[in-house]
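A.B. asks: Got a structure for you, model-v4.csv, holding CSV, C-alpha atoms and all ligand atoms.
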chain,number,residue,atom,x,y,z
M,934,MET,CA,6.3,105.0,69.8
M,935,ALA,CA,3.5,105.4,67.2
M,936,GLN,CA,1.3,106.8,69.9
M,937,TRP,CA,4.0,109.3,70.8
M,938,LEU,CA,4.3,110.4,67.1
M,939,LEU,CA,0.6,110.8,66.8
M,940,GLN,CA,0.5,112.9,69.9
M,941,THR,CA,3.3,115.2,68.6
M,942,GLU,CA,1.5,115.5,65.3
M,943,GLN,CA,-1.6,116.5,67.1
M,944,TRP,CA,0.2,119.0,69.2
M,945,LEU,CA,1.9,120.5,66.2
M,946,ARG,CA,-1.4,120.9,64.4
M,947,GLN,CA,-2.8,122.7,67.5
M,948,VAL,CA,0.2,125.1,67.5
M,949,GLU,CA,-0.3,125.7,63.8
M,950,GLN,CA,-4.0,126.5,64.3
M,951,TRP,CA,-3.2,128.8,67.1
M,952,VAL,CA,-0.6,130.6,65.0
M,953,ARG,CA,-3.1,131.1,62.2
M,954,GLN,CA,-5.6,132.6,64.6
M,955,GLN,CA,-3.1,135.3,65.8
M,956,PRO,CA,-3.1,138.7,64.2
M,957,ALA,CA,-0.1,139.1,61.8
M,958,GLU,CA,1.4,142.1,63.6
M,959,GLN,CA,1.7,140.1,66.8
M,960,LEU,CA,3.5,137.3,65.0
M,961,TYR,CA,5.9,139.8,63.4
M,962,ILE,CA,6.6,141.4,66.8
M,963,ALA,CA,7.3,138.0,68.4
M,964,ILE,CA,9.7,137.1,65.6
M,965,ALA,CA,11.4,140.5,65.9
M,966,VAL,CA,11.8,140.0,69.6
M,967,VAL,CA,13.4,136.6,69.1
M,968,VAL,CA,15.8,137.9,66.4
M,969,VAL,CA,16.8,141.0,68.4
M,970,ALA,CA,17.4,139.0,71.6
M,971,SER,CA,19.5,136.4,69.9
M,972,THR,CA,21.6,139.1,68.1
M,973,LEU,CA,22.2,140.8,71.4
M,974,LEU,CA,23.2,137.5,73.0
M,975,ILE,CA,25.7,136.8,70.2
M,976,ILE,CA,27.1,140.3,70.4
M,977,LEU,CA,27.5,140.1,74.2
M,978,HIS,CA,29.2,136.7,73.9
M,979,SER,CA,31.7,137.9,71.4
M,980,VAL,CA,32.4,141.1,73.4
M,981,ASN,CA,33.0,139.0,76.4
M,982,ARG,CA,35.4,136.8,74.4
M,983,SER,CA,37.3,139.7,72.9
M,984,LYS,CA,37.6,141.3,76.4
M,985,ALA,CA,39.9,138.4,77.4
M,986,ASN,CA,42.8,139.7,75.3
M,987,THR,CA,45.0,140.5,78.3
M,988,ILE,CA,48.2,138.7,79.0
M,989,ILE,CA,49.7,139.4,82.4
M,990,ILE,CA,53.4,139.3,83.1
M,991,ALA,CA,54.2,138.6,86.7
M,992,GLY,CA,57.3,137.4,88.7
M,993,LEU,CA,59.9,138.5,91.2
M,994,SER,CA,61.6,141.8,90.9
M,995,GLY,CA,64.6,141.7,88.6
M,996,SER,CA,63.4,138.6,86.7
M,997,GLY,CA,63.1,140.6,83.5
M,998,LYS,CA,59.4,141.4,83.0
M,999,THR,CA,59.8,145.0,81.8
M,1000,ILE,CA,62.5,144.1,79.3
M,1001,LEU,CA,60.2,141.3,78.0
M,1002,PHE,CA,57.4,143.8,77.7
M,1003,TYR,CA,59.5,146.2,75.6
M,1004,GLN,CA,60.9,143.3,73.6
M,1005,LEU,CA,57.4,142.1,72.6
M,1006,ARG,CA,56.2,145.7,71.9
M,1007,ASP,CA,59.2,147.2,70.2
M,1008,GLY,CA,61.5,144.3,69.3
M,1009,SER,CA,64.2,146.0,71.5
M,1010,SER,CA,65.1,145.6,75.2
M,1011,HIS,CA,65.5,149.3,76.0
M,1012,GLN,CA,68.6,148.6,78.0
M,1013,GLY,CA,68.8,150.2,81.4
M,1014,THR,CA,65.4,149.6,83.0
M,1015,VAL,CA,65.0,150.4,86.7
M,1016,THR,CA,62.8,148.5,89.1
M,1017,SER,CA,59.2,149.3,88.2
M,1018,MET,CA,57.0,151.3,90.5
M,1019,GLU,CA,53.8,151.1,88.4
M,1020,PRO,CA,52.5,148.4,86.1
M,1021,ASN,CA,53.3,148.8,82.4
M,1022,ASP,CA,49.9,148.5,80.7
M,1023,GLY,CA,49.8,148.6,76.9
M,1024,VAL,CA,47.6,147.5,74.0
M,1025,PHE,CA,49.7,146.8,70.9
M,1026,VAL,CA,50.3,144.5,67.9
M,1027,LEU,CA,53.2,142.2,68.7
M,1028,HIS,CA,56.4,143.6,67.1
M,1029,SER,CA,57.0,140.3,65.4
M,1030,GLU,CA,53.6,140.5,63.8
M,1031,VAL,CA,53.6,144.1,62.6
M,1032,ASP,CA,54.1,143.0,59.0
M,1033,LYS,CA,51.6,140.1,59.1
M,1034,LYS,CA,48.3,141.1,57.8
M,1035,ASP,CA,46.3,138.2,59.1
M,1036,LYS,CA,47.6,138.3,62.7
M,1037,THR,CA,47.1,141.9,63.7
M,1038,LYS,CA,44.8,141.6,66.6
M,1039,PRO,CA,46.3,143.9,69.3
M,1040,VAL,CA,47.1,142.3,72.6
M,1041,ARG,CA,46.9,144.0,76.0
M,1042,MET,CA,50.0,143.3,77.9
M,1043,VAL,CA,50.4,144.1,81.6
M,1044,ASP,CA,53.7,143.9,83.4
M,1045,VAL,CA,53.0,143.8,87.1
M,1046,PRO,CA,56.0,145.0,89.2
M,1047,GLY,CA,57.6,142.3,91.4
M,1048,HIS,CA,58.0,144.4,94.5
M,1049,SER,CA,56.0,142.7,97.2
M,1050,ARG,CA,54.0,145.9,98.0
M,1051,LEU,CA,52.9,146.2,94.4
M,1052,ARG,CA,52.1,142.6,93.7
M,1053,PRO,CA,48.4,142.9,94.9
M,1054,LYS,CA,47.9,145.0,91.7
M,1055,LEU,CA,47.8,141.6,89.9
M,1056,ASP,CA,44.2,141.1,91.2
M,1057,GLU,CA,43.0,144.2,89.3
M,1058,PHE,CA,43.9,142.7,86.0
M,1059,LEU,CA,43.1,139.0,86.5
M,1060,PRO,CA,39.4,139.3,85.6
M,1061,GLN,CA,40.4,140.2,82.0
M,1062,ALA,CA,43.3,137.7,81.7
M,1063,ALA,CA,43.6,135.3,78.9
M,1064,GLY,CA,46.9,134.0,80.2
M,1065,LEU,CA,49.6,134.7,82.7
M,1066,ILE,CA,53.4,134.6,82.1
M,1067,PHE,CA,55.3,134.0,85.3
M,1068,VAL,CA,58.9,135.1,84.7
M,1069,VAL,CA,61.6,133.4,86.6
M,1070,ASP,CA,65.3,134.5,86.7
M,1071,ALA,CA,67.1,131.4,85.5
M,1072,LEU,CA,70.5,132.8,86.5
M,1073,ASP,CA,69.8,133.7,90.1
M,1074,PHE,CA,67.3,130.9,90.6
M,1075,LEU,CA,68.6,128.7,93.4
M,1076,PRO,CA,69.0,131.4,96.1
M,1077,ASN,CA,65.5,132.5,95.4
M,1078,VAL,CA,63.7,129.2,94.8
M,1079,ARG,CA,61.6,129.5,98.0
M,1080,VAL,CA,60.3,133.0,97.3
M,1081,VAL,CA,59.7,132.2,93.6
M,1082,ALA,CA,57.7,129.1,94.7
M,1083,GLU,CA,55.7,131.2,97.2
M,1084,TYR,CA,54.7,133.7,94.6
M,1085,LEU,CA,53.8,131.0,92.1
M,1086,TYR,CA,51.9,129.1,94.8
M,1087,ASP,CA,49.8,132.2,95.5
M,1088,ILE,CA,49.0,132.7,91.9
M,1089,LEU,CA,48.1,129.0,91.2
M,1090,THR,CA,45.7,129.0,94.2
M,1091,LYS,CA,43.8,132.2,93.3
M,1092,ALA,CA,40.2,131.5,92.6
M,1093,SER,CA,40.3,133.9,89.6
M,1094,ILE,CA,43.0,131.6,88.1
M,1095,VAL,CA,41.6,128.2,89.0
M,1096,LYS,CA,38.0,128.8,88.3
M,1097,LYS,CA,38.6,130.4,84.9
M,1098,LYS,CA,41.3,128.0,84.2
M,1099,ILE,CA,43.8,130.7,83.1
M,1100,PRO,CA,46.8,129.2,81.4
M,1101,VAL,CA,50.1,129.9,83.1
M,1102,LEU,CA,53.5,129.9,81.3
M,1103,ILE,CA,56.5,129.6,83.6
M,1104,LEU,CA,59.1,131.5,81.6
M,1105,CYS,CA,62.8,130.7,82.5
M,1106,ASN,CA,64.3,134.0,81.5
M,1107,LYS,CA,67.9,135.0,80.8
M,1108,SER,CA,68.7,131.8,78.8
M,1109,ASP,CA,71.3,133.8,76.9
M,1110,LYS,CA,73.7,133.1,79.7
M,1111,VAL,CA,75.4,129.7,79.8
M,1112,THR,CA,75.0,129.5,83.5
M,1113,ALA,CA,71.2,129.8,83.3
M,1114,HIS,CA,69.4,126.8,84.7
M,1115,SER,CA,67.4,124.7,82.2
M,1116,LYS,CA,63.6,124.7,82.2
M,1117,GLU,CA,63.5,121.1,83.3
M,1118,PHE,CA,65.6,121.8,86.3
M,1119,ILE,CA,63.5,124.8,87.2
M,1120,ARG,CA,60.3,122.9,86.8
M,1121,LYS,CA,61.5,120.1,89.1
M,1122,GLN,CA,62.8,122.5,91.8
M,1123,LEU,CA,59.6,124.5,91.8
M,1124,GLU,CA,57.5,121.4,92.0
M,1125,LYS,CA,59.5,120.2,95.0
M,1126,GLU,CA,59.3,123.6,96.7
M,1127,ILE,CA,55.5,123.9,96.1
M,1128,ASP,CA,55.1,120.4,97.5
M,1129,LYS,CA,56.8,121.5,100.7
M,1130,LEU,CA,54.7,124.7,100.8
M,1131,ARG,CA,51.6,122.7,100.4
M,1132,THR,CA,52.3,120.7,103.5
M,1133,SER,CA,53.4,123.7,105.6
M,1134,ARG,CA,50.5,125.9,104.5
M,1135,THR,CA,47.8,123.3,105.1
M,1136,ALA,CA,49.3,122.8,108.6
M,1137,ILE,CA,48.7,126.4,109.5
M,1138,SER,CA,45.3,127.2,111.0
M,1139,THR,CA,42.8,128.1,108.3
M,1140,ALA,CA,42.5,131.6,109.7
M,1141,ASP,CA,46.0,132.5,108.5
M,1142,VAL,CA,45.6,131.0,105.1
M,1143,THR,CA,44.6,133.4,102.4
M,1144,ASN,CA,44.9,131.0,99.5
M,1145,GLU,CA,41.5,130.2,98.0
M,1146,TYR,CA,42.2,126.8,96.5
M,1147,THR,CA,44.4,123.9,97.4
M,1148,LEU,CA,47.0,122.5,95.0
M,1149,GLY,CA,47.6,119.1,93.7
M,1150,VAL,CA,46.4,115.6,94.8
M,1151,PRO,CA,46.5,114.8,98.5
M,1152,GLY,CA,49.1,112.0,99.2
M,1153,GLU,CA,50.9,112.5,95.9
M,1154,LEU,CA,54.0,114.6,95.2
M,1155,PHE,CA,53.1,117.8,93.6
M,1156,SER,CA,53.5,118.2,89.8
M,1157,PHE,CA,52.2,121.0,87.6
M,1158,SER,CA,50.2,118.5,85.6
M,1159,GLN,CA,47.9,118.2,88.5
M,1160,CYS,CA,46.7,121.8,88.2
M,1161,GLN,CA,43.3,122.3,86.8
M,1162,ASN,CA,44.6,125.1,84.5
M,1163,GLN,CA,47.3,124.5,81.9
M,1164,VAL,CA,50.8,125.1,83.3
M,1165,THR,CA,53.7,125.0,80.8
M,1166,VAL,CA,57.4,125.8,81.1
M,1167,ALA,CA,59.6,127.5,78.5
M,1168,GLU,CA,62.9,129.3,78.1
M,1169,ALA,CA,63.5,132.8,76.8
M,1170,SER,CA,65.8,135.8,76.8
M,1171,GLY,CA,64.1,139.1,76.9
M,1172,LEU,CA,67.5,140.7,76.5
M,1173,THR,CA,68.5,139.1,73.2
M,1174,GLY,CA,64.9,138.8,71.8
M,1175,GLU,CA,64.7,135.1,72.1
M,1176,VAL,CA,60.9,135.3,72.8
M,1177,SER,CA,59.3,132.9,70.3
M,1178,HIS,CA,57.8,130.7,73.0
M,1179,VAL,CA,56.2,133.7,74.6
M,1180,GLU,CA,54.7,134.9,71.3
M,1181,GLN,CA,53.4,131.4,70.7
M,1182,PHE,CA,51.8,131.3,74.1
M,1183,ILE,CA,50.2,134.7,73.5
M,1184,ARG,CA,48.8,133.7,70.1
M,1185,GLU,CA,47.5,130.4,71.5
M,1186,HIS,CA,45.3,132.3,74.0
M,1187,VAL,CA,44.6,135.6,72.3
M,1188,LYS,CA,43.4,134.5,68.9
M,1189,PRO,CA,44.1,136.9,66.0
Z,1,LIG,N1,71.2,138.3,80.7
Z,1,LIG,C1,70.0,138.7,80.7
Z,1,LIG,N2,69.6,139.7,81.6
Z,1,LIG,C2,68.3,140.1,81.6
Z,1,LIG,C3,67.4,139.5,80.7
Z,1,LIG,N3,66.2,140.1,81.0
Z,1,LIG,C4,66.4,141.0,81.9
Z,1,LIG,N4,67.7,141.0,82.3
Z,1,LIG,C5,68.3,141.9,83.3
Z,1,LIG,O1,67.6,141.8,84.5
Z,1,LIG,C6,67.5,143.1,85.2
Z,1,LIG,C7,66.0,143.3,85.5
Z,1,LIG,O2,65.2,143.4,84.4
Z,1,LIG,P1,63.8,144.1,84.4
Z,1,LIG,O3,63.1,143.9,83.2
Z,1,LIG,O4,63.9,145.5,84.8
Z,1,LIG,O5,63.1,143.3,85.7
Z,1,LIG,P2,61.6,143.4,86.2
Z,1,LIG,O6,61.2,142.0,86.3
Z,1,LIG,O7,60.8,144.3,85.4
Z,1,LIG,O8,61.8,143.9,87.7
Z,1,LIG,P3,60.8,144.8,88.6
Z,1,LIG,O9,60.3,145.9,87.7
Z,1,LIG,O10,61.6,145.2,89.7
Z,1,LIG,O11,59.7,143.9,89.0
Z,1,LIG,C8,68.0,144.1,84.2
Z,1,LIG,O12,69.3,144.5,84.6
Z,1,LIG,C9,68.2,143.4,82.9
Z,1,LIG,O13,69.2,143.8,82.1
Z,1,LIG,C10,67.8,138.4,79.9
Z,1,LIG,O14,67.0,137.8,79.1
Z,1,LIG,N5,69.1,138.1,79.9
Z,2,MG,MG,59.9,146.1,85.8
Take the structure in the file and give it back as structure tokens.

C.D. replies:
Amino acid sequence: MAQWLLQTEQWLRQVEQWVRQQPAEQLYIAIAVVVVASTLLIILHSVNRSKANTIIIAGLSGSGKTILFYQLRDGSSHQGTVTSMEPNDGVFVLHSEVDKKDKTKPVRMVDVPGHSRLRPKLDEFLPQAAGLIFVVDALDFLPNVRVVAEYLYDILTKASIVKKKIPVLILCNKSDKVTAHSKEFIRKQLEKEIDKLRTSRTAISTADVTNEYTLGVPGELFSFSQCQNQVTVAEASGLTGEVSHVEQFIREHVKP
């Protein structure tokens, strides 16, 4: 130990001597280079972080994505939406935060249409995503459980979601109606359906499988808690403006 200390001391003295021998300008240049490089690194890092301010809204056609988008932006549902043909892409301060001075960082929200031909648009926005809201129609859920699970399965197995651990909020929408299914029911049904899909999809020859990652733990029933990224479930009504859980999710992942 003592020998090691002695050696370090000797080494430090050598460095000091060498520094003294160098012309002053060279030292200043070296210091300037270090300062500029670290400042650039810090700026790049913060730009990268601020880039991830996008929240994506996905889900089947008719689940209520566009109404939710308007509700978050304007505090009104703009009754009478038609099925979307283009993504709604907007950067805005959440309507509920317009008056709050300390939480005014704008959020970029992208509502990706549910029509199967337009769904691939999702991939364009995923690299900037800070979170994804998967809207489920809680009224018309059971007849569609299979297709809902298929879309969700595709999302949860995308490399861009798994690798970057993008948090997913499963939003059981239309909770204003008494006949809407509860989030617990929807979670359980989706877990069951995904479990079935997992078995059937791994049975297909790998050439046909486009999914990039596998889900869950082999030999165990699938549950969302097994996902590497955070998957949570909440209820909302875009129509009546009951969207507090959505705003909470957004603020958790896009810091003001
Ligand atoms: N009761 C109730 N109805 C809703 C709610 N949100 C949406 N809807 C209804 O569901 C229908 C579809 O809503 P949209 O927001 O257009 O659905 P979308 O998900 O954008 O559909 P696509 O654009 O086709 O992908 C509309 O008739 C809405 O009135 C809700 O919270 N409660
Ligand atoms: Mg729409």

A.B. asks: Just want the residues within 8 Å of ligand LIG 1 (chain Z), written as JSON, numbers by chain, counting only C-alpha atoms and all ligand atoms.

C.D. replies: {"M": [991, 992, 993, 994, 995, 996, 997, 998, 999, 1000, 1001, 1002, 1012, 1013, 1014, 1015, 1016, 1017, 1018, 1044, 1045, 1046, 1047, 1048, 1068, 1070, 1106, 1107, 1108, 1109, 1110, 1169, 1170, 1171, 1172, 1173, 1174, 1175]}

A.B. asks: Which is closer to Ser1010 (chain M) than all the others in M:Val1101, M:Val1176, M:Lys1096, M:Pro1076, using all atoms listed in the file?

C.D. replies: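 Of M:Val1101, M:Val1176, M:Lys1096, M:Pro1076, the one nearest Ser1010 (chain M), counting all atoms listed in the file, is M:Val1176.
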
A.B. asks: Give the answer as one residue: which of M:Ile990, M:Leu1148, M:Thr1037, M:Gly1064 has the shortest atom-to-atom distance to ligand MG 2 (chain Z), using only C-alpha atoms and all ligand atoms?

C.D. replies: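 The answer is M:Ile990, which sits nearest to ligand MG 2 (chain Z).
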
A.B. asks: Restricting the calculation to all atoms listed in the file, which member of M:Leu960, M:Leu973, M:Thr941, M:Pro1020 is positioned closest to ligand MG 2 (chain Z)?

C.D. replies: M:Pro1020

A.B. asks: Rounded to one decimal in Å, what is the spacing between CA of Val1187 (chain M) and CA of Glu1030 (chain M)?

C.D. replies: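 Interatomic distance, CA of Val1187 (chain M) to CA of Glu1030 (chain M): 13.3 Å.
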
A.B. asks: Tell me, in Å to one decimal, how far CA of Ser1115 (chain M) is from CA of Gln1181 (chain M).

C.D. replies: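 Separating CA of Ser1115 (chain M) from CA of Gln1181 (chain M) is a distance of 19.3 Å.
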
A.B. asks: Got a sec: who's within 7 Å of Ala1063 (chain M), counting only C-alpha atoms, leaving out chain neighbours fewer than 4 positions off, as a ChimeraX atom specification?

C.D. replies: /M:985-988,1099,1186-1187

A.B. asks: From the list M:Asp1087, M:Glu1057, M:Asp1022, M:Glu958, which residue is nearest ligand MG 2 (chain Z) when using all atoms listed in the file?

C.D. replies: M:Asp1022

A.B. asks: Here's a test: counting all atoms listed in the file, identify every protein, DNA and RNA residue with an atom at most 12 Å from (56.7, 140.9, 63.1) in the file's coordinate frame, and state them as an MDAnalysis selection string.

C.D. replies: chainID M and resid 1004:1008 1026:1037 1176:1177 1180

A.B. asks: Output the selection as a PDB file, in the coordinates of the input - C-alpha atoms for each residue.

C.D. replies:
ATOM      1  CA  GLN M1004      60.900 143.300  73.600  1.00  0.00           C
ATOM      2  CA  LEU M1005      57.400 142.100  72.600  1.00  0.00           C
ATOM      3  CA  ARG M1006      56.200 145.700  71.900  1.00  0.00           C
ATOM      4  CA  ASP M1007      59.200 147.200  70.200  1.00  0.00           C
ATOM      5  CA  GLY M1008      61.500 144.300  69.300  1.00  0.00           C
ATOM      6  CA  VAL M1026      50.300 144.500  67.900  1.00  0.00           C
ATOM      7  CA  LEU M1027      53.200 142.200  68.700  1.00  0.00           C
ATOM      8  CA  HIS M1028      56.400 143.600  67.100  1.00  0.00           C
ATOM      9  CA  SER M1029      57.000 140.300  65.400  1.00  0.00           C
ATOM     10  CA  GLU M1030      53.600 140.500  63.800  1.00  0.00           C
ATOM     11  CA  VAL M1031      53.600 144.100  62.600  1.00  0.00           C
ATOM     12  CA  ASP M1032      54.100 143.000  59.000  1.00  0.00           C
ATOM     13  CA  LYS M1033      51.600 140.100  59.100  1.00  0.00           C
ATOM     14  CA  LYS M1034      48.300 141.100  57.800  1.00  0.00           C
ATOM     15  CA  ASP M1035      46.300 138.200  59.100  1.00  0.00           C
ATOM     16  CA  LYS M1036      47.600 138.300  62.700  1.00  0.00           C
ATOM     17  CA  THR M1037      47.100 141.900  63.700  1.00  0.00           C
ATOM     18  CA  VAL M1176      60.900 135.300  72.800  1.00  0.00           C
ATOM     19  CA  SER M1177      59.300 132.900  70.300  1.00  0.00           C
ATOM     20  CA  GLU M1180      54.700 134.900  71.300  1.00  0.00           C
TER      21      GLU M1180
END

A.B. asks: Do you have the CA of Val1150 (chain M)-CA of Val1081 (chain M) distance handy?

C.D. replies: 21.3 Å

A.B. asks: I want to know what sits within 10 Å of Phe1074 (chain M), based on all atoms listed in the file, with residues of the same chain fewer than 6 positions away left out; could you give that as a list in words?

C.D. replies: Ser996, Val1080, Val1081, Cys1105, Ala1113, His1114, Ile1119 and Gln1122 of chain M

A.B. asks: Calculated over all atoms listed in the file, which of the candidates M:Arg1120, M:Arg1052, M:Arg1131, M:Lys1091 has the smallest distance to ligand MG 2 (chain Z)?

C.D. replies: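 Of all the options, M:Arg1052 lies closest to ligand MG 2 (chain Z).
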
A.B. asks: Taking only C-alpha atoms and all ligand atoms into account, which of M:Ser1009, M:Gln954, M:Gln940, M:Asn1021 comes nearest ligand MG 2 (chain Z)?

C.D. replies: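 Going through M:Ser1009, M:Gln954, M:Gln940, M:Asn1021 one by one, the smallest distance to ligand MG 2 (chain Z) is for M:Asn1021.
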